[in-house]
Amino acid sequence: MDFNDTPTEAEYRAKVRAWLADAAAKYKDMPDAEGRNAEFVRRSKDWQKTKHDAGYTGITWPKAMGGQGLTPMHSIIFSQEESKTAAPTGLYAIGLGMCIPTVFTHGNPEVIQRFVPKALEGGEIWCQLFSEPAAGSDLAGIRTRAVRDGDDWVINGQKVWTTNAHLCDYGIIVTRTDPSKPKHKGLTMFIVDMHAPGVEARPLKQMSGGADFNEVFFTDVRVPDAWRLGEVGDGWKVALTTLMHERLAVGGKPRHSPDYNTLIDVARQIETEMGPAIEATHVRQKIADVYLADEGIKLTQMRALSALSKGQIPGAEQSISKVVVAKNMQDMAAFALDLSEAAGFMTDGGGSDLERLRASYMWSAGLRIAGGTDEILRNIIAERVLGLPGDLRPDKDTPFNEAKPL
Amino acid sequence: MNFDFSDDAKALRDQARRFLDERAGAAVARKAMDGDAPYDAELWTSVVELGWTAARVPEAHGGIGLSAEEACVLAEEVGRSLIPVPFVSTLMATEALLLAGSEAQQARWLPGIADGSVIATIGWAEGDAASPATTRGVRAEGGRLSGTKVPVPDLQGARLAIVSAAGRDGPSLHLVDLEGPGITIEAAPTLDLVRRHGRLTLDGAAAEPLGDAAAFHAWLDRAAVLSAWEAIGTGTVAMEMAVAYAKERVAFGQKIGRYQGVKHKCADMYVKLELARAHAMHGAWAMATDAPELGQAAAAARVAALDALKFAAEENVQLHGGIGFTWESDCQFYYRRNRQIAFALGSRAWWADRLVRTLERRNARAA
Ligand SMILES: Cc1cc2nc3c(=O)[nH]c(=O)nc-3n(C[C@H](O)[C@H](O)[C@H](O)COP(=O)(O)OP(=O)(O)OC[C@H]3O[C@@H](n4cnc5c(N)ncnc54)[C@H](O)[C@@H]3O)c2cc1C
C-alpha cells in the first residue's frame with residue numbers, strides 16, 4: 001500500500017500544477033459569476049477550450065475522439081489539482097460526466113463523431129432530461145412520449161428539475177415509446193436539440209434562491225432516428241449507464257464547500273462564556289465527526305481509484321458517498337451556524353465563512369435529493385451491495401397504461 | 001394529577017386555530033415575503049381585536065389577565081401559522097414587563113400593549129457570537145444606552161424595545177422608547193424572509209433599567225418556554241405537511257408512505273415533537289405556578305423543541321423530493337423559520353449547558 005503518487009503520476013501532477021499555475025491564475029481575483037448566466041457560460045466555455053487546447057480534456061478517452069488516451073489516475077490527478085484553483089468547471093459536470101459517456105457507449109458511430117469531440121472542447125453544453133413531475137426516484141415511471149414518424153421521432157411531454165437546461169445546447173432524454181409494455185420495457189432514449197422548435201425551458205427558482213434548474217416542455221419536437229441511443233425499448237438499460245456515471249460524477253462534496261477546516265476556523269474565532277469554542281468538548285467532537293465523514297469519503301474514493309488504476313471496476317461502495325456527504329454538509333452547517341449565534345442567522349456577510357455555511361445549509365437540502373435521494377441510495381446499498389430483498393413493486397410487470405398505484 | 005391545559009386555555013387554542021386557519025398560513029407568509037411591509041397591519045389589528053396582546057396584561061392595566069398557560073397556547077398556534085405579525089416579540093416583551101417592571105413602568109407600557117398601540121420587541125443579540133448572557137456591545141451610562149443590537153426581530157414598526165446591556169452582575173434589561181432621540185433603525189437581512197429583523201443603533205438613547213441581572217435570567221426561562229411552544233407549533237405543521245404528502249405521492253407504484261424509509265421518518269418527527277411537547281407542558285406548568293423547576297423545565301423544553309423542529313423542517317423538504325427544494329414550495333418557510341427560532345434566544349448548545357448547570361445547582365441544594 002502506498003498513498004503517494006507513483007513516479008509517473010508524480011511527474012504528471014508536477015506538469016499539471018505548473019500549467020494550472022499559469023493558465024488558471026486569471027480566475028483567482030474575478031468576482032463570482034455564478035448566477036450571472038451569460039458571464040458564467042462565457043467563462044466556462046473559455047476555460048474548457050483552454051484546457052482542450054492544452055490536452056487536458058477527455059483524459060481517459062481514446063485519442064480518436066479528441067481524448068488523451070490516459071488512465072483514470074491521470075484524470076483524477078488533473079481534477080484534484082484543478083479543484084484547488086478558481087477556474088469554473090460546474091457547467092460541464094453533467095454533460096461530460098454523464099451525458100457524453102452515455103452517447104459514447106450507446107450512440108452510432110456518426111453520432112459519436114458528430115457530438116463527442118465538440119462536447120470535449122466545450123463548444124456545446126449538455127443536460128440530463130430524466131426526471132418528470134410524476135417520476136423522480138421512480139425514473140421508469142416517466143410519461144413523456146416519443147412516437148415514430150418516418151425517419152424521425154416526435155416527442156411530447158414535460159421534464160423537470162433539469163439542471164442548466166436554459167443554458168444547454170443538447171440533452172439526453174428518456175421517453176416512453178410503448179405504453180402497452182411494463183414500465184421498464186417501453187422506454188427509449190434520444191439525443192435532443194435544446195434549440196429545436198417545440199422545446200421550452202423555464203427556469204425554476206430553488207429554495208436557496210438561485211435558479212439553476214428548469215422545467216422543460218416538449219411540444220411536437222422532432223428528433224432523427226439516428227439520434228437514438230441504444231435500441232428501441234432498451235431505454236432503461238441506456239439510462240442505467242448514465243446513472244452509473246452519475247454516482248461517480250455527483251457523489252463527492254461540491255467544490256469549495258465548507259469542511260472540517262471551516263468549522264475549526266469558525267470555532268477558533270468564537271469566545272463563549274466557557275472559554276474559546278475550539279476548546280469546548282462538544283465542538284471538538286463535532287469537528288472530529290465532520291473530519292471522519294469528509295476524509296472517510298475521500299479515502300473511500302481513493303480505494304475506488306486504486307481499483308480503477310488496476311483496471312478493475314469500482315464496487316457499489318461508490319453509492320455511500322452522497323449519503324454521507326450531503327447529510328453531513330447539512331448537519332455541519334447547522335452546527336456552525338448555531339455556534340455563531342446571531343451572526344450565523346444574518347445574511348449580509350458576503351464571501352465570509354459564515355456566508356458559505358449559510359449557503360451550504362440551504363444547498364445541502366437539495367443535494368440530499370438530487371441524483372438519487374438519501375433513501376433511494378440506502379435502498380441501493382441494501383439491495384445491490386448487501387443483497388437484501390427489494391421493495392415489492394406492484395406495478396413492475398403490468399402494462400404501463402394499465403398500472404394503478406397502491 | 002392533571003398534566004393538561006385548562007379548559008379555558010383549550011378553548012382559546014380552538015378559537016385561535018380557527019382564526020389562523022382562515023386568515024394566516026403559508027400563502028399569507030409568502031405574500032409577506034414578497035412584500036416589504038414590516039408586518040401585516042390588517043392581521044395585526046385582528047390579532048389585537050381578538051385580545052391576544054391583552055391576554056397576559058392584568059385587568060388593572062387594561063388587559064384580560066390570563067395565565068401563562070394561555071400565553072403558551074397562543075405561542076404554539078402562532079408558530080403553526082407563520083402569521084406575519086409581531087406577536088411573539090410583543091408577548092416576550094410583555095413577560096419581561098410583568099416579571100421585572102415597576103408599577104410605573106407597567107402603567108406606562110402595558111395598556112398600550114393591551115390595546116395594540118404599542119408593538120414591543122426584545123433585543124439581546126449583537127451580531128457576534130455572544131450568547132444571551134454575554135453582552136459586550138451595549139453599555140448603560142447615566143440612564144442612557146449606546147451600542148448596537150442586531151438582529152432584533154420585528155424592530156421596524158415597534159415602539160418599545162427591551163434591550164440587554166452589560167452590568168456589574170451580567171446583562172440586565174432596559175426599556176427603550178424607540179421614538180426618542182439617539183436611535184437609528186435599519187433593516188438587517190436574515191435567513192428568515194418572513195419575519196423581519198432590524199439593526200438598532202443606540203447613541204446615548206434614553207433608557208430605564210427593567211429589573212436586575214437575576215430578573216434577566218428569570219425572563220430568559222419564561223421566554224424559552226414560549227419559544228419552545230412556538231417551535232413545536234412550527235415543527236408540527238412541517239410534520240403534517242410531510243405526512244400529507246407521504247399519503248399522496250406515488251413512486252414505484254405505491255404511496256411513498258408505504259416505505260419504511262419514509263414512514264419511520266414521519267414517526268420520528270412525531271416522537272421528537274411529542275417529547276418536546278411534554279417538556280414544554282412541564283415548562284408551561286412551572287411558568288404558570290412560578291415553580292422552582294422552571295429553570296430546568298424551560299431549558300429542557302427549548303432544547304427538545306429545537307431538535308424536533310430542526311428534524312421536522314429538514315426532513316419535510318427531504319420527503320417532498322425535488323418539489324420540496326423549490327422556491328414555490330412551502331417547505332422553505334419551515335426550513336428557514338427553524339433557523340430563526342434556533343437563533344432567537346441563544347443556541348441549543350448554550351441552553352443544553354444551562355440545563356445541566358441548573359440540574360447541578362439543584363442537586364447541590366438537595367445534598
Ligand atoms: C438540485 C437538484 C438538481 C437536479 N438536477 C436534475 C437534472 O439535471 N436532471 C434530472 O433528470 N433530474 C434532476 N433532479 C431531480 C432528482 O433526480 C429528483 O428530484 C430525485 O430523483 C427525487 O425524485 P422526486 O423529486 O420525484 O421525489 P420522489 O421520488 O417523489 O420522492 C419523494 C420522497 O419519497 C422518497 N422515496 C421514494 N421512493 C422511495 C422508496 N422506495 N423508499 C423510501 N423512500 C422513497 C424519496 O426519498 C423522497 O424523500 C434534480 C434535483 C435537485 C433537487
# chains A, B, ... in the order shown; residues from 1 in each chain; ligands from 1
>>> interface_residues(of="chain A", to="chain B", cutoff="8 Å", atoms="only C-alpha atoms", output="ChimeraX atom specification")
/A:134-138,141,161,204-209,270-273,338-343,345-348,365-366,368-370,373,375,393-396,403-406
>>> select_by_dssp(residues="range 14-224 of chain B", states="strand (DSSP E)", output="PyMOL selection string")
chain B and resi 120-123+139-141+144-153+160-165+172-177+183-187+197-206+208-210
>>> residues_around(residues="range 162-175 of chain B", least_positions_apart="5", cutoff="8 Å", atoms="only C-alpha atoms", output="number ranges by chain")
B: 93, 120-124, 133-140, 145, 149, 207-216
>>> select_by_dssp(residues="range 49-267 of chain A", states="alpha helix (DSSP H)", output="PyMOL selection string")
chain A and resi 49-53+72-82+93-94+100-106+109-120+235-250+260-267
>>> residues_around(residues="range 67-74 of chain A", least_positions_apart="6", cutoff="9 Å", atoms="only C-alpha atoms", output="ChimeraX atom specification")
/A:9,12-13,52,55-61,117,120,305-306,308-309,311
>>> write_last_selection(atoms="N, CA and C atoms", output="short mmCIF file (atom, residue, chain, number, x, y, z; two decimals), in the first residue's frame")
data_model
loop_
_atom_site.label_atom_id
_atom_site.label_comp_id
_atom_site.auth_asym_id
_atom_site.auth_seq_id
_atom_site.Cartn_x
_atom_site.Cartn_y
_atom_site.Cartn_z
N GLU A 9 2.95 9.16 -11.99
CA GLU A 9 1.86 10.01 -11.51
C GLU A 9 2.41 11.34 -10.99
N TYR A 12 3.32 13.60 -13.81
CA TYR A 12 2.14 14.19 -14.44
C TYR A 12 1.58 15.31 -13.54
N ARG A 13 1.53 15.06 -12.24
CA ARG A 13 1.00 16.06 -11.31
C ARG A 13 1.82 17.36 -11.37
N HIS A 52 -8.74 22.19 -23.36
CA HIS A 52 -8.75 21.31 -24.52
C HIS A 52 -7.50 21.53 -25.37
N GLY A 55 -4.53 19.92 -23.99
CA GLY A 55 -4.54 18.46 -23.84
C GLY A 55 -4.99 17.97 -22.47
N TYR A 56 -5.89 18.71 -21.83
CA TYR A 56 -6.37 18.28 -20.51
C TYR A 56 -7.87 17.98 -20.48
N THR A 57 -8.48 17.67 -21.61
CA THR A 57 -9.89 17.23 -21.57
C THR A 57 -9.96 15.81 -22.11
N GLY A 58 -11.02 15.09 -21.69
CA GLY A 58 -11.19 13.71 -22.13
C GLY A 58 -9.94 12.90 -21.84
N ILE A 59 -9.40 13.09 -20.64
CA ILE A 59 -8.10 12.50 -20.33
C ILE A 59 -8.09 10.98 -20.50
N THR A 60 -9.20 10.33 -20.15
CA THR A 60 -9.23 8.85 -20.25
C THR A 60 -9.79 8.39 -21.59
N TRP A 61 -10.17 9.32 -22.45
CA TRP A 61 -10.87 8.91 -23.66
C TRP A 61 -9.92 8.65 -24.81
N PRO A 117 -16.43 14.97 -29.88
CA PRO A 117 -15.28 15.92 -29.88
C PRO A 117 -15.71 17.35 -29.58
N LEU A 120 -16.25 17.80 -25.93
CA LEU A 120 -14.99 17.82 -25.18
C LEU A 120 -14.35 19.19 -25.19
N LEU A 305 -10.43 4.44 -6.71
CA LEU A 305 -9.45 4.83 -7.72
C LEU A 305 -8.38 3.76 -7.90
N SER A 306 -7.97 3.20 -6.77
CA SER A 306 -6.96 2.14 -6.86
C SER A 306 -7.48 1.00 -7.71
N LEU A 308 -9.66 1.31 -10.03
CA LEU A 308 -9.64 1.81 -11.40
C LEU A 308 -8.25 1.75 -12.00
N SER A 309 -7.27 2.15 -11.20
CA SER A 309 -5.92 2.24 -11.76
C SER A 309 -5.37 0.84 -12.03
N GLY A 311 -7.29 -1.29 -13.38
CA GLY A 311 -8.14 -1.76 -14.46
C GLY A 311 -9.37 -2.51 -13.98
#
>>> atom_distance(atom1="CA of Gly122 in chain A", atom2="CA of Gln48 in chain A")
5.3 Å
>>> closest_residue(among="A:Val385, A:Cys99, A:Met329, A:Ala54", to="ligand 1", atoms="only C-alpha atoms and all ligand atoms")
A:Cys99
>>> closest_residue(among="A:His166, A:Lys310, A:Arg228, A:Lys15", to="ligand 1", atoms="only C-alpha atoms and all ligand atoms")
A:His166
>>> closest_residue(among="B:Val303, B:Gly257, B:Trp285, B:Leu275", to="ligand 1", atoms="only C-alpha atoms and all ligand atoms")
B:Gly257
>>> residues_around(residues="Asp212 in chain A", least_positions_apart="5", cutoff="7 Å", atoms="only C-alpha atoms", output="ChimeraX atom specification")
/A:163-164,203
>>> residues_around(residues="Gly97 in chain A", least_positions_apart="3", cutoff="12 Å", atoms="only C-alpha atoms", output="PyMOL selection string")
chain A and resi 57-58+60+75+89-94+100-104+119-120+125-128+241-251
>>> residues_around(residues="Ile232 in chain B", least_positions_apart="4", cutoff="7 Å", atoms="only C-alpha atoms", output="PDB file with N, CA and C atoms, in the first residue's frame")
ATOM      1  N   GLU B  76     -47.959  28.531  20.539  1.00  0.00           N
ATOM      2  CA  GLU B  76     -47.981  27.351  19.672  1.00  0.00           C
ATOM      3  C   GLU B  76     -48.797  27.614  18.405  1.00  0.00           C
ATOM      4  N   ALA B 228     -40.319  27.554  22.961  1.00  0.00           N
ATOM      5  CA  ALA B 228     -40.479  26.110  22.751  1.00  0.00           C
ATOM      6  C   ALA B 228     -41.857  25.823  22.160  1.00  0.00           C
ATOM      7  N   THR B 236     -44.713  21.063  14.074  1.00  0.00           N
ATOM      8  CA  THR B 236     -45.867  20.177  13.880  1.00  0.00           C
ATOM      9  C   THR B 236     -46.471  20.371  12.486  1.00  0.00           C
ATOM     10  N   LEU B 273     -41.378  15.531  18.438  1.00  0.00           N
ATOM     11  CA  LEU B 273     -42.289  16.633  18.768  1.00  0.00           C
ATOM     12  C   LEU B 273     -43.074  16.346  20.048  1.00  0.00           C
ATOM     13  N   ARG B 277     -43.099  18.368  23.424  1.00  0.00           N
ATOM     14  CA  ARG B 277     -44.372  18.866  23.953  1.00  0.00           C
ATOM     15  C   ARG B 277     -44.490  18.551  25.449  1.00  0.00           C
ATOM     16  N   ALA B 305     -37.407  21.153  21.855  1.00  0.00           N
ATOM     17  CA  ALA B 305     -38.209  21.737  20.779  1.00  0.00           C
ATOM     18  C   ALA B 305     -37.333  22.121  19.585  1.00  0.00           C
ATOM     19  N   LEU B 309     -37.959  20.601  15.913  1.00  0.00           N
ATOM     20  CA  LEU B 309     -38.244  21.494  14.792  1.00  0.00           C
ATOM     21  C   LEU B 309     -37.224  21.313  13.672  1.00  0.00           C
TER      22      LEU B 309
END
>>> atom_distance(atom1="CA of Phe218 in chain A", atom2="CA of Val192 in chain A")
10.2 Å
>>> closest_residue(among="B:Ala297, B:Leu99, B:Val243, B:Ala278", to="ligand 1", atoms="only C-alpha atoms and all ligand atoms")
B:Val243
